[in-house]
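Visitor: Just dropping this structure here.
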Amino acid sequence: METHTEGTLTLSGSVIAIGAFDGVHKGHQEVIRQTVRRSRMLGVPSLVYTFDPPPRHYFSGAQILTPIEEKVSRIAMLGVDHVVVARFDESYTKRSASSFVTELARLHPLCIHVGNDFQFGQNREGNVELLARHFPVQIIEPVHCPDGKTISSTRIRHLLSQGETQKTLSLLGWQ
Ligand SMILES: Cc1cc2nc3c(=O)[nH]c(=O)nc-3n(C[C@H](O)[C@H](O)[C@H](O)COP(=O)(O)O)c2cc1C
Ligand SMILES: Nc1ncnc2c1ncn2[C@@H]1O[C@H](COP(=O)(O)OP(=O)(O)OP(=O)(O)O)[C@@H](O)[C@H]1O
């Protein structure tokens with residue numbers, strides 16, 4: 001897998017997943033596996049576009065579940081061809097939604113996989129509707145755990161703070 005910084009890569013076709021992916025938990029794994037599967041079907045490279053640190057850490061100090069090296073190595077294990085790691089700092093957060101769309105356009109995505117609540121750009125001005133005006137977008141159905149709750153990095157951080165190590169490991173799905 002090749003690792004890139006934001007804005008440095010051009011591709012003539014791709015299938016992309018975008019998100020913080022902190023922990024690369026079972027829900028993230030499903031998103032990324034679907035991305036890899038579709039890219040192989042279409043004969044173009046798969047790409048994960050992620051952020052370091054996770055936006056929720058930058059804005060609210062949330063605990064980081066996987067340092068960037070670990071996150072990139074888990075993404076590589078899922079068979080992804082390219083990862084873009086955007087340095088999430090003050091100047092990055094001030095980028096407009098349209099500047100982000102322009103960067104994605106250089107990757108010529110045949111499909112972008114995101115959750116239905118995906119937002120991007122300064123003050124979260126961009127949403128799935130805007131993204132879908134520019135690119136084909138696939139909305140990912142949420143992956144639940146056996147008790148019916150949606151798996152999320154936030155939930156895993158909460159379980160960790162409660163000392164629920166076994167449950168945490170099972171939602172992360174890497175043991
Ligand atoms: C170019 C860019 C600028 C962003 N600026 C902000 C911002 O000003 N405020 C904010 O809360 N989130 C901002 N975000 C973060 C997004 O709201 C979101 O957390 C990120 O796209 C990751 O999606 P996910 O949380 O679904 O993984 C920005 C994202 C991008 C790509
Ligand atoms: N349980 C899940 N099932 C399917 N897709 C998911 C799941 N959790 C996250 N995703 C998707 O993975 C991508 C990255 O999500 P993100 O990094 O925001 O995860 P998260 O676990 O929801 O994080 P947080 O709790 O910090 O908001 C998004 O497109 C999101 O919709």
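Naming works like this for the structure tokens: A, B, ... for the chains as they're shown, residue 1 at the start of each chain, ligands 1 onward in shown order.
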Just the residues within 12 Å of Gly126 of chain A, please, counting only C-alpha atoms, with nothing from its chain fewer than 2 positions along; format it as a PyMOL selection string.

Guide: chain A and resi 95-101+117-124+128-134

Visitor: Go ahead and save the picked residues with N, CA and C atoms, as a PDB file, in the first residue's frame.

Guide:
ATOM      1  N   ARG A  95     -10.366  24.753   5.284  1.00  0.00           N
ATOM      2  CA  ARG A  95     -10.593  24.509   3.843  1.00  0.00           C
ATOM      3  C   ARG A  95     -12.089  24.383   3.576  1.00  0.00           C
ATOM      4  N   SER A  96     -12.507  24.950   2.460  1.00  0.00           N
ATOM      5  CA  SER A  96     -13.937  24.895   2.128  1.00  0.00           C
ATOM      6  C   SER A  96     -14.302  23.502   1.619  1.00  0.00           C
ATOM      7  N   ALA A  97     -15.601  23.229   1.625  1.00  0.00           N
ATOM      8  CA  ALA A  97     -16.095  21.959   1.080  1.00  0.00           C
ATOM      9  C   ALA A  97     -15.719  21.861  -0.399  1.00  0.00           C
ATOM     10  N   SER A  98     -15.790  22.979  -1.133  1.00  0.00           N
ATOM     11  CA  SER A  98     -15.515  22.895  -2.569  1.00  0.00           C
ATOM     12  C   SER A  98     -14.028  22.628  -2.830  1.00  0.00           C
ATOM     13  N   SER A  99     -13.154  23.100  -1.950  1.00  0.00           N
ATOM     14  CA  SER A  99     -11.732  22.786  -2.139  1.00  0.00           C
ATOM     15  C   SER A  99     -11.484  21.295  -1.905  1.00  0.00           C
ATOM     16  N   PHE A 100     -12.215  20.709  -0.960  1.00  0.00           N
ATOM     17  CA  PHE A 100     -12.103  19.262  -0.719  1.00  0.00           C
ATOM     18  C   PHE A 100     -12.624  18.488  -1.937  1.00  0.00           C
ATOM     19  N   VAL A 101     -13.744  18.945  -2.498  1.00  0.00           N
ATOM     20  CA  VAL A 101     -14.307  18.300  -3.697  1.00  0.00           C
ATOM     21  C   VAL A 101     -13.294  18.372  -4.850  1.00  0.00           C
ATOM     22  N   ASP A 117     -24.239  10.320   7.453  1.00  0.00           N
ATOM     23  CA  ASP A 117     -24.046  11.556   8.218  1.00  0.00           C
ATOM     24  C   ASP A 117     -22.693  12.203   7.929  1.00  0.00           C
ATOM     25  N   PHE A 118     -22.026  11.774   6.857  1.00  0.00           N
ATOM     26  CA  PHE A 118     -20.695  12.322   6.552  1.00  0.00           C
ATOM     27  C   PHE A 118     -20.782  13.818   6.262  1.00  0.00           C
ATOM     28  N   GLN A 119     -19.887  14.589   6.910  1.00  0.00           N
ATOM     29  CA  GLN A 119     -19.808  16.029   6.662  1.00  0.00           C
ATOM     30  C   GLN A 119     -18.357  16.410   6.450  1.00  0.00           C
ATOM     31  N   PHE A 120     -18.118  17.528   5.758  1.00  0.00           N
ATOM     32  CA  PHE A 120     -16.738  17.905   5.470  1.00  0.00           C
ATOM     33  C   PHE A 120     -16.675  19.392   5.153  1.00  0.00           C
ATOM     34  N   GLY A 121     -15.448  19.931   5.264  1.00  0.00           N
ATOM     35  CA  GLY A 121     -15.228  21.339   4.958  1.00  0.00           C
ATOM     36  C   GLY A 121     -15.469  22.213   6.168  1.00  0.00           C
ATOM     37  N   GLN A 122     -14.974  23.467   6.058  1.00  0.00           N
ATOM     38  CA  GLN A 122     -15.057  24.412   7.170  1.00  0.00           C
ATOM     39  C   GLN A 122     -16.479  24.457   7.741  1.00  0.00           C
ATOM     40  N   ASN A 123     -16.565  24.371   9.056  1.00  0.00           N
ATOM     41  CA  ASN A 123     -17.849  24.383   9.777  1.00  0.00           C
ATOM     42  C   ASN A 123     -18.800  23.288   9.297  1.00  0.00           C
ATOM     43  N   ARG A 124     -18.251  22.219   8.794  1.00  0.00           N
ATOM     44  CA  ARG A 124     -19.036  21.069   8.328  1.00  0.00           C
ATOM     45  C   ARG A 124     -20.079  21.484   7.285  1.00  0.00           C
ATOM     46  N   VAL A 128     -23.472  14.769   2.399  1.00  0.00           N
ATOM     47  CA  VAL A 128     -23.547  13.709   1.387  1.00  0.00           C
ATOM     48  C   VAL A 128     -24.238  14.206   0.118  1.00  0.00           C
ATOM     49  N   GLU A 129     -25.237  15.058   0.302  1.00  0.00           N
ATOM     50  CA  GLU A 129     -25.969  15.584  -0.862  1.00  0.00           C
ATOM     51  C   GLU A 129     -25.024  16.363  -1.791  1.00  0.00           C
ATOM     52  N   LEU A 130     -24.181  17.192  -1.190  1.00  0.00           N
ATOM     53  CA  LEU A 130     -23.222  17.973  -1.988  1.00  0.00           C
ATOM     54  C   LEU A 130     -22.218  17.041  -2.683  1.00  0.00           C
ATOM     55  N   LEU A 131     -21.722  16.065  -1.917  1.00  0.00           N
ATOM     56  CA  LEU A 131     -20.765  15.112  -2.478  1.00  0.00           C
ATOM     57  C   LEU A 131     -21.380  14.394  -3.681  1.00  0.00           C
ATOM     58  N   ALA A 132     -22.654  14.014  -3.528  1.00  0.00           N
ATOM     59  CA  ALA A 132     -23.335  13.236  -4.570  1.00  0.00           C
ATOM     60  C   ALA A 132     -23.642  14.075  -5.810  1.00  0.00           C
ATOM     61  N   ARG A 133     -23.547  15.410  -5.689  1.00  0.00           N
ATOM     62  CA  ARG A 133     -23.716  16.252  -6.885  1.00  0.00           C
ATOM     63  C   ARG A 133     -22.492  16.165  -7.790  1.00  0.00           C
ATOM     64  N   HIS A 134     -21.372  15.731  -7.205  1.00  0.00           N
ATOM     65  CA  HIS A 134     -20.120  15.689  -7.972  1.00  0.00           C
ATOM     66  C   HIS A 134     -19.671  14.276  -8.334  1.00  0.00           C
TER      67      HIS A 134
END

Visitor: Which of segment 85-131 of chain A end up as helix (DSSP H, G or I) when DSSP is run on this backbone - answer as a PyMOL selection string?

Guide: chain A and resi 90-93+97-105+122-124+128-131

Visitor: Any chance you could export the current selection's N, CA and C atoms as a tab-separated table (two decimals), in the first residue's frame?

Guide:
chain	number	residue	atom	x	y	z
A	90	GLU	N	-5.22	23.47	12.05
A	90	GLU	CA	-6.08	24.65	11.92
A	90	GLU	C	-6.31	25.04	10.46
A	91	SER	N	-5.23	25.02	9.67
A	91	SER	CA	-5.41	25.48	8.29
A	91	SER	C	-6.26	24.47	7.51
A	92	TYR	N	-6.12	23.17	7.81
A	92	TYR	CA	-6.93	22.17	7.10
A	92	TYR	C	-8.42	22.36	7.41
A	93	THR	N	-8.73	22.61	8.70
A	93	THR	CA	-10.15	22.75	9.07
A	93	THR	C	-10.79	23.96	8.39
A	97	ALA	N	-15.60	23.23	1.63
A	97	ALA	CA	-16.10	21.96	1.08
A	97	ALA	C	-15.72	21.86	-0.40
A	98	SER	N	-15.79	22.98	-1.13
A	98	SER	CA	-15.51	22.89	-2.57
A	98	SER	C	-14.03	22.63	-2.83
A	99	SER	N	-13.15	23.10	-1.95
A	99	SER	CA	-11.73	22.79	-2.14
A	99	SER	C	-11.48	21.29	-1.91
A	100	PHE	N	-12.22	20.71	-0.96
A	100	PHE	CA	-12.10	19.26	-0.72
A	100	PHE	C	-12.62	18.49	-1.94
A	101	VAL	N	-13.74	18.94	-2.50
A	101	VAL	CA	-14.31	18.30	-3.70
A	101	VAL	C	-13.29	18.37	-4.85
A	102	THR	N	-12.62	19.50	-4.99
A	102	THR	CA	-11.61	19.66	-6.06
A	102	THR	C	-10.48	18.66	-5.87
A	103	GLU	N	-10.06	18.46	-4.61
A	103	GLU	CA	-8.99	17.48	-4.34
A	103	GLU	C	-9.47	16.07	-4.72
A	104	LEU	N	-10.71	15.73	-4.33
A	104	LEU	CA	-11.24	14.40	-4.66
A	104	LEU	C	-11.35	14.21	-6.17
A	105	ALA	N	-11.69	15.27	-6.88
A	105	ALA	CA	-11.88	15.16	-8.34
A	105	ALA	C	-10.60	14.69	-9.03
A	122	GLN	N	-14.97	23.47	6.06
A	122	GLN	CA	-15.06	24.41	7.17
A	122	GLN	C	-16.48	24.46	7.74
A	123	ASN	N	-16.57	24.37	9.06
A	123	ASN	CA	-17.85	24.38	9.78
A	123	ASN	C	-18.80	23.29	9.30
A	124	ARG	N	-18.25	22.22	8.79
A	124	ARG	CA	-19.04	21.07	8.33
A	124	ARG	C	-20.08	21.48	7.28
A	128	VAL	N	-23.47	14.77	2.40
A	128	VAL	CA	-23.55	13.71	1.39
A	128	VAL	C	-24.24	14.21	0.12
A	129	GLU	N	-25.24	15.06	0.30
A	129	GLU	CA	-25.97	15.58	-0.86
A	129	GLU	C	-25.02	16.36	-1.79
A	130	LEU	N	-24.18	17.19	-1.19
A	130	LEU	CA	-23.22	17.97	-1.99
A	130	LEU	C	-22.22	17.04	-2.68
A	131	LEU	N	-21.72	16.07	-1.92
A	131	LEU	CA	-20.76	15.11	-2.48
A	131	LEU	C	-21.38	14.39	-3.68

Visitor: Can you work out the spacing between atom CA of Arg56 of chain A and atom CA of Arg38 of chain A in Å, to one decimal?

Guide: 28.6 Å

Visitor: Counting only C-alpha atoms, figure out which residue out of A:Gly163, A:Pro55, A:Gly7, A:Gly79 gets nearest to Thr35 of chain A.

Guide: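 Smallest separation from Thr35 of chain A among the options: A:Gly79.
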
Visitor: When you look at segment 67-76 of chain A with a cut-off of 10 Å (counting only C-alpha atoms), what residues show up, excluding the ones that are within fewer than 3 positions of it in the same chain? I need them as an MDAnalysis selection string.

Guide: chainID A and resid 1:3 20:25 28:29 32:33 47:48 50:54 64 79:85 174

Visitor: Check every protein, DNA and RNA residue against ligand 2, keep those with an atom at most 7 Å away (counting only C-alpha atoms and all ligand atoms), and present them as a PDB file with N, CA and C atoms, in the first residue's frame.

Guide:
ATOM      1  N   ALA A  17     -12.988   5.412   0.208  1.00  0.00           N
ATOM      2  CA  ALA A  17     -13.717   5.506   1.485  1.00  0.00           C
ATOM      3  C   ALA A  17     -13.113   6.671   2.254  1.00  0.00           C
ATOM      4  N   ILE A  18     -13.969   7.498   2.881  1.00  0.00           N
ATOM      5  CA  ILE A  18     -13.472   8.669   3.617  1.00  0.00           C
ATOM      6  C   ILE A  18     -13.932   8.600   5.065  1.00  0.00           C
ATOM      7  N   GLY A  19     -13.028   8.919   6.002  1.00  0.00           N
ATOM      8  CA  GLY A  19     -13.447   9.011   7.395  1.00  0.00           C
ATOM      9  C   GLY A  19     -12.268   9.053   8.341  1.00  0.00           C
ATOM     10  N   ALA A  20     -12.567   9.271   9.624  1.00  0.00           N
ATOM     11  CA  ALA A  20     -11.528   9.307  10.649  1.00  0.00           C
ATOM     12  C   ALA A  20     -10.977   7.899  10.891  1.00  0.00           C
ATOM     13  N   PHE A  21     -11.858   6.915  10.864  1.00  0.00           N
ATOM     14  CA  PHE A  21     -11.483   5.496  11.010  1.00  0.00           C
ATOM     15  C   PHE A  21     -10.613   5.246  12.245  1.00  0.00           C
ATOM     16  N   ASP A  22     -10.891   5.927  13.362  1.00  0.00           N
ATOM     17  CA  ASP A  22     -10.087   5.710  14.570  1.00  0.00           C
ATOM     18  C   ASP A  22     -10.424   4.344  15.172  1.00  0.00           C
ATOM     19  N   LYS A  26     -14.998  -2.803  13.630  1.00  0.00           N
ATOM     20  CA  LYS A  26     -15.696  -3.713  12.706  1.00  0.00           C
ATOM     21  C   LYS A  26     -16.567  -2.968  11.686  1.00  0.00           C
ATOM     22  N   GLY A  27     -17.156  -1.840  12.091  1.00  0.00           N
ATOM     23  CA  GLY A  27     -17.950  -1.037  11.144  1.00  0.00           C
ATOM     24  C   GLY A  27     -17.052  -0.462  10.056  1.00  0.00           C
ATOM     25  N   HIS A  28     -15.910   0.103  10.473  1.00  0.00           N
ATOM     26  CA  HIS A  28     -14.953   0.642   9.495  1.00  0.00           C
ATOM     27  C   HIS A  28     -14.460  -0.463   8.560  1.00  0.00           C
ATOM     28  N   GLU A  30     -15.954  -3.059   7.546  1.00  0.00           N
ATOM     29  CA  GLU A  30     -16.970  -3.370   6.544  1.00  0.00           C
ATOM     30  C   GLU A  30     -16.941  -2.322   5.414  1.00  0.00           C
ATOM     31  N   VAL A  31     -16.854  -1.041   5.801  1.00  0.00           N
ATOM     32  CA  VAL A  31     -16.797   0.040   4.805  1.00  0.00           C
ATOM     33  C   VAL A  31     -15.587  -0.172   3.893  1.00  0.00           C
ATOM     34  N   ARG A  56     -12.414  14.405  15.896  1.00  0.00           N
ATOM     35  CA  ARG A  56     -13.008  14.429  17.238  1.00  0.00           C
ATOM     36  C   ARG A  56     -11.945  14.631  18.336  1.00  0.00           C
ATOM     37  N   HIS A 113     -17.501   5.786  -0.829  1.00  0.00           N
ATOM     38  CA  HIS A 113     -18.259   5.122   0.227  1.00  0.00           C
ATOM     39  C   HIS A 113     -18.198   5.963   1.510  1.00  0.00           C
ATOM     40  N   VAL A 114     -19.353   6.388   2.004  1.00  0.00           N
ATOM     41  CA  VAL A 114     -19.414   7.135   3.276  1.00  0.00           C
ATOM     42  C   VAL A 114     -20.705   6.775   4.006  1.00  0.00           C
ATOM     43  N   GLY A 115     -20.745   7.112   5.295  1.00  0.00           N
ATOM     44  CA  GLY A 115     -21.991   6.974   6.046  1.00  0.00           C
ATOM     45  C   GLY A 115     -22.927   8.120   5.702  1.00  0.00           C
ATOM     46  N   ASN A 116     -24.238   7.972   6.043  1.00  0.00           N
ATOM     47  CA  ASN A 116     -25.189   9.009   5.602  1.00  0.00           C
ATOM     48  C   ASN A 116     -25.024  10.328   6.350  1.00  0.00           C
ATOM     49  N   ASP A 117     -24.239  10.320   7.453  1.00  0.00           N
ATOM     50  CA  ASP A 117     -24.046  11.556   8.218  1.00  0.00           C
ATOM     51  C   ASP A 117     -22.693  12.203   7.929  1.00  0.00           C
ATOM     52  N   PHE A 118     -22.026  11.774   6.857  1.00  0.00           N
ATOM     53  CA  PHE A 118     -20.695  12.322   6.552  1.00  0.00           C
ATOM     54  C   PHE A 118     -20.782  13.818   6.262  1.00  0.00           C
ATOM     55  N   ILE A 140     -23.186   3.670   3.220  1.00  0.00           N
ATOM     56  CA  ILE A 140     -22.934   2.405   3.905  1.00  0.00           C
ATOM     57  C   ILE A 140     -23.973   2.190   5.013  1.00  0.00           C
ATOM     58  N   GLU A 141     -24.550   0.988   5.035  1.00  0.00           N
ATOM     59  CA  GLU A 141     -25.493   0.638   6.114  1.00  0.00           C
ATOM     60  C   GLU A 141     -24.715   0.405   7.403  1.00  0.00           C
ATOM     61  N   PRO A 142     -25.219   0.879   8.550  1.00  0.00           N
ATOM     62  CA  PRO A 142     -24.473   0.722   9.804  1.00  0.00           C
ATOM     63  C   PRO A 142     -24.327  -0.732  10.244  1.00  0.00           C
ATOM     64  N   VAL A 143     -23.142  -1.067  10.741  1.00  0.00           N
ATOM     65  CA  VAL A 143     -22.887  -2.393  11.306  1.00  0.00           C
ATOM     66  C   VAL A 143     -23.187  -2.331  12.804  1.00  0.00           C
ATOM     67  N   HIS A 144     -24.021  -3.277  13.283  1.00  0.00           N
ATOM     68  CA  HIS A 144     -24.406  -3.308  14.698  1.00  0.00           C
ATOM     69  C   HIS A 144     -23.661  -4.416  15.421  1.00  0.00           C
ATOM     70  N   THR A 150     -25.218   0.469  17.249  1.00  0.00           N
ATOM     71  CA  THR A 150     -24.253   0.701  16.170  1.00  0.00           C
ATOM     72  C   THR A 150     -22.847   0.801  16.745  1.00  0.00           C
ATOM     73  N   ILE A 151     -21.908   0.137  16.105  1.00  0.00           N
ATOM     74  CA  ILE A 151     -20.507   0.222  16.551  1.00  0.00           C
ATOM     75  C   ILE A 151     -19.962   1.587  16.140  1.00  0.00           C
ATOM     76  N   SER A 152     -19.309   2.286  17.055  1.00  0.00           N
ATOM     77  CA  SER A 152     -18.666   3.561  16.706  1.00  0.00           C
ATOM     78  C   SER A 152     -17.424   3.745  17.569  1.00  0.00           C
ATOM     79  N   SER A 153     -16.511   4.591  17.094  1.00  0.00           N
ATOM     80  CA  SER A 153     -15.306   4.888  17.874  1.00  0.00           C
ATOM     81  C   SER A 153     -15.712   5.512  19.211  1.00  0.00           C
ATOM     82  N   THR A 154     -16.743   6.347  19.202  1.00  0.00           N
ATOM     83  CA  THR A 154     -17.207   7.000  20.435  1.00  0.00           C
ATOM     84  C   THR A 154     -17.651   5.955  21.453  1.00  0.00           C
ATOM     85  N   ARG A 155     -18.398   4.953  20.997  1.00  0.00           N
ATOM     86  CA  ARG A 155     -18.890   3.918  21.897  1.00  0.00           C
ATOM     87  C   ARG A 155     -17.723   3.097  22.459  1.00  0.00           C
TER      88      ARG A 155
END

Visitor: Per DSSP on the backbone, what are the strand (DSSP E or B) residues of chain A, as a PyMOL selection string?

Guide: chain A and resi 2-5+14-18+46-52+82-87+109-114+119-120+126-127+137-139+144+150

Visitor: For ligand 1, which residue out of A:Leu9, A:Val15, A:Met41, A:Ile139 is the nearest one, using only C-alpha atoms and all ligand atoms?

Guide: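 Closest residue, counting only C-alpha atoms and all ligand atoms: A:Ile139.
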
Visitor: Using only C-alpha atoms and all ligand atoms, which residue out of A:Ser46, A:Ser170, A:Ser14, A:Ser60 lies closest to ligand 1?

Guide: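 Of A:Ser46, A:Ser170, A:Ser14, A:Ser60, the one nearest ligand 1, counting only C-alpha atoms and all ligand atoms, is A:Ser60.
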